[in-house]
Amino acid sequence: MMGISGYAGIQYGNYTYMPGSMGKTEGVGMPGNPDTKVNSSEECQTCKNRKYVDGSNESDVSFKTPSHVSPEKSASMVMSHEQMHVANARQEGNKENADLVSASVRLKTAVCPECGKSYVAGGQTSTMIKYTESNPYERNRKVIEGSFLKGQYIDAYAG
């Protein structure tokens with residue numbers, strides 16, 4: 001049996017973007033608007049209100065409660081969070097009758113519509129663990145159950 005960690009709800013990987021109140025004024029701080037720009041040393045309202053939260057069922061990772069991360073620190077914070085999921089997968093793969101087949105991390109980037117700063121909007125860790133079963137009856141049951149599940153989870157966006 002193979003398990004793949006994923007995400008639930010409207011999320012970017014293991015993070016949910018929670019915009020809160022945007023506080024956006026028409027034209028203020030918009031990229032390309034020379035009249036009024038947000039000072040690059042301070043965060044705009046959209047960036048101030050952006051929060052990250054983990055959507056997985058792993059209790060020992062960061063961002064279990066919605067947390068603010070600045071755009072400048074988003075890449076390192078999200079990647080270190082995703083590495084916690086990889087470490088958990090390695091630990092699970094080292095158990096008896098389990099073998100970690102693969103672990104990969106994808107980061108999603110975005111651009112703030114108010115100030116134009118790019119940031120990492122979230123990440124997704126995908127792991128595949130193969131569990132070996134020594135009991136032949138249990139092994140056959142898993143093969144039969146697996147045949148019912150084939151094709152249920154198709155990535156329609158894969159190119």
# chains A, B, ... in the order shown; residues from 1 in each chain; ligands from 1
$ residues_around --residues "segment 75-88 of chain A" --least-positions-apart "2" --cutoff "7 Å" --atoms "only C-alpha atoms" --output "PyMOL selection string"
chain A and resi 61-62+73+90-92+103+105+119-120+122-123+125
$ residues_around --residues "segment 128-140 of chain A" --least-positions-apart "3" --cutoff "12 Å" --atoms "only C-alpha atoms" --output "PyMOL selection string"
chain A and resi 1-6+86+88-104+125+143-147
$ write_last_selection --atoms "N, CA and C atoms" --output "mmCIF file, in the first residue's frame"
data_model
loop_
_atom_site.group_PDB
_atom_site.id
_atom_site.type_symbol
_atom_site.label_atom_id
_atom_site.label_comp_id
_atom_site.auth_asym_id
_atom_site.auth_seq_id
_atom_site.Cartn_x
_atom_site.Cartn_y
_atom_site.Cartn_z
ATOM 1 N N MET A 1 0.845 -1.179 0.000
ATOM 2 C CA MET A 1 0.000 0.000 0.000
ATOM 3 C C MET A 1 0.884 1.233 0.000
ATOM 4 N N MET A 2 0.504 2.222 -0.743
ATOM 5 C CA MET A 2 1.284 3.447 -0.801
ATOM 6 C C MET A 2 0.447 4.596 -0.274
ATOM 7 N N GLY A 3 1.071 5.476 0.470
ATOM 8 C CA GLY A 3 0.364 6.630 1.004
ATOM 9 C C GLY A 3 0.953 7.904 0.451
ATOM 10 N N ILE A 4 0.127 8.842 0.107
ATOM 11 C CA ILE A 4 0.593 10.118 -0.397
ATOM 12 C C ILE A 4 0.014 11.210 0.484
ATOM 13 N N SER A 5 0.909 12.032 1.033
ATOM 14 C CA SER A 5 0.402 13.147 1.827
ATOM 15 C C SER A 5 -0.083 14.211 0.861
ATOM 16 N N GLY A 6 -1.133 14.886 1.194
ATOM 17 C CA GLY A 6 -1.686 15.868 0.275
ATOM 18 C C GLY A 6 -2.204 17.061 1.019
ATOM 19 N N VAL A 86 9.021 16.363 5.138
ATOM 20 C CA VAL A 86 9.960 15.389 4.575
ATOM 21 C C VAL A 86 10.610 14.584 5.692
ATOM 22 N N ASN A 88 9.343 13.912 8.603
ATOM 23 C CA ASN A 88 8.332 12.975 9.106
ATOM 24 C C ASN A 88 8.185 11.780 8.180
ATOM 25 N N ALA A 89 8.253 12.017 6.880
ATOM 26 C CA ALA A 89 8.157 10.917 5.914
ATOM 27 C C ALA A 89 9.363 9.985 6.025
ATOM 28 N N ARG A 90 10.538 10.557 6.228
ATOM 29 C CA ARG A 90 11.740 9.722 6.407
ATOM 30 C C ARG A 90 11.617 8.861 7.656
ATOM 31 N N GLN A 91 11.108 9.472 8.706
ATOM 32 C CA GLN A 91 10.920 8.731 9.953
ATOM 33 C C GLN A 91 9.920 7.594 9.752
ATOM 34 N N GLU A 92 8.818 7.859 9.048
ATOM 35 C CA GLU A 92 7.815 6.829 8.765
ATOM 36 C C GLU A 92 8.390 5.749 7.851
ATOM 37 N N GLY A 93 9.221 6.152 6.893
ATOM 38 C CA GLY A 93 9.831 5.202 5.967
ATOM 39 C C GLY A 93 10.880 4.308 6.601
ATOM 40 N N ASN A 94 11.401 4.705 7.753
ATOM 41 C CA ASN A 94 12.393 3.885 8.450
ATOM 42 C C ASN A 94 11.777 2.832 9.358
ATOM 43 N N LYS A 95 10.450 2.842 9.472
ATOM 44 C CA LYS A 95 9.789 1.846 10.311
ATOM 45 C C LYS A 95 9.834 0.478 9.638
ATOM 46 N N GLU A 96 9.612 -0.540 10.457
ATOM 47 C CA GLU A 96 9.597 -1.908 9.937
ATOM 48 C C GLU A 96 8.445 -2.070 8.943
ATOM 49 N N ASN A 97 8.669 -2.764 7.862
ATOM 50 C CA ASN A 97 7.701 -3.017 6.787
ATOM 51 C C ASN A 97 7.306 -1.750 6.038
ATOM 52 N N ALA A 98 8.126 -0.706 6.103
ATOM 53 C CA ALA A 98 7.847 0.526 5.369
ATOM 54 C C ALA A 98 9.106 0.965 4.639
ATOM 55 N N ASP A 99 8.917 1.521 3.446
ATOM 56 C CA ASP A 99 10.049 1.974 2.649
ATOM 57 C C ASP A 99 9.663 3.288 1.976
ATOM 58 N N LEU A 100 10.425 4.341 2.261
ATOM 59 C CA LEU A 100 10.171 5.631 1.641
ATOM 60 C C LEU A 100 10.636 5.562 0.191
ATOM 61 N N VAL A 101 9.692 5.663 -0.734
ATOM 62 C CA VAL A 101 10.008 5.571 -2.160
ATOM 63 C C VAL A 101 10.439 6.931 -2.683
ATOM 64 N N SER A 102 9.682 7.975 -2.354
ATOM 65 C CA SER A 102 10.043 9.314 -2.822
ATOM 66 C C SER A 102 9.449 10.382 -1.906
ATOM 67 N N ALA A 103 10.102 11.526 -1.923
ATOM 68 C CA ALA A 103 9.606 12.706 -1.210
ATOM 69 C C ALA A 103 10.015 13.910 -2.047
ATOM 70 N N SER A 104 9.042 14.748 -2.388
ATOM 71 C CA SER A 104 9.348 15.929 -3.183
ATOM 72 C C SER A 104 8.589 17.129 -2.632
ATOM 73 N N THR A 125 4.260 19.101 -0.055
ATOM 74 C CA THR A 125 5.173 17.977 0.047
ATOM 75 C C THR A 125 4.410 16.721 -0.334
ATOM 76 N N VAL A 143 -4.263 -5.813 -2.443
ATOM 77 C CA VAL A 143 -4.256 -5.801 -3.901
ATOM 78 C C VAL A 143 -5.678 -5.612 -4.427
ATOM 79 N N ILE A 144 -6.629 -6.299 -3.837
ATOM 80 C CA ILE A 144 -8.027 -6.178 -4.266
ATOM 81 C C ILE A 144 -8.561 -4.775 -3.977
ATOM 82 N N GLU A 145 -8.289 -4.259 -2.779
ATOM 83 C CA GLU A 145 -8.746 -2.904 -2.443
ATOM 84 C C GLU A 145 -8.095 -1.865 -3.344
ATOM 85 N N GLY A 146 -6.841 -2.082 -3.678
ATOM 86 C CA GLY A 146 -6.132 -1.153 -4.556
ATOM 87 C C GLY A 146 -6.736 -1.091 -5.938
ATOM 88 N N SER A 147 -7.264 -2.201 -6.422
ATOM 89 C CA SER A 147 -7.866 -2.200 -7.753
ATOM 90 C C SER A 147 -9.125 -1.332 -7.797
#
$ atom_distance --atom1 "atom CA of Cys44 of chain A" --atom2 "atom CA of Thr109 of chain A"
17.7 Å
$ closest_residue --among "A:Tyr157, A:Pro113, A:Thr127, A:Ala121" --to "Thr46 of chain A" --atoms "only C-alpha atoms"
A:Pro113
$ atom_distance --atom1 "atom CA of Gly151 of chain A" --atom2 "atom CA of Glu58 of chain A"
26.2 Å
$ atom_distance --atom1 "atom CA of Cys115 of chain A" --atom2 "atom CA of Pro66 of chain A"
22.1 Å
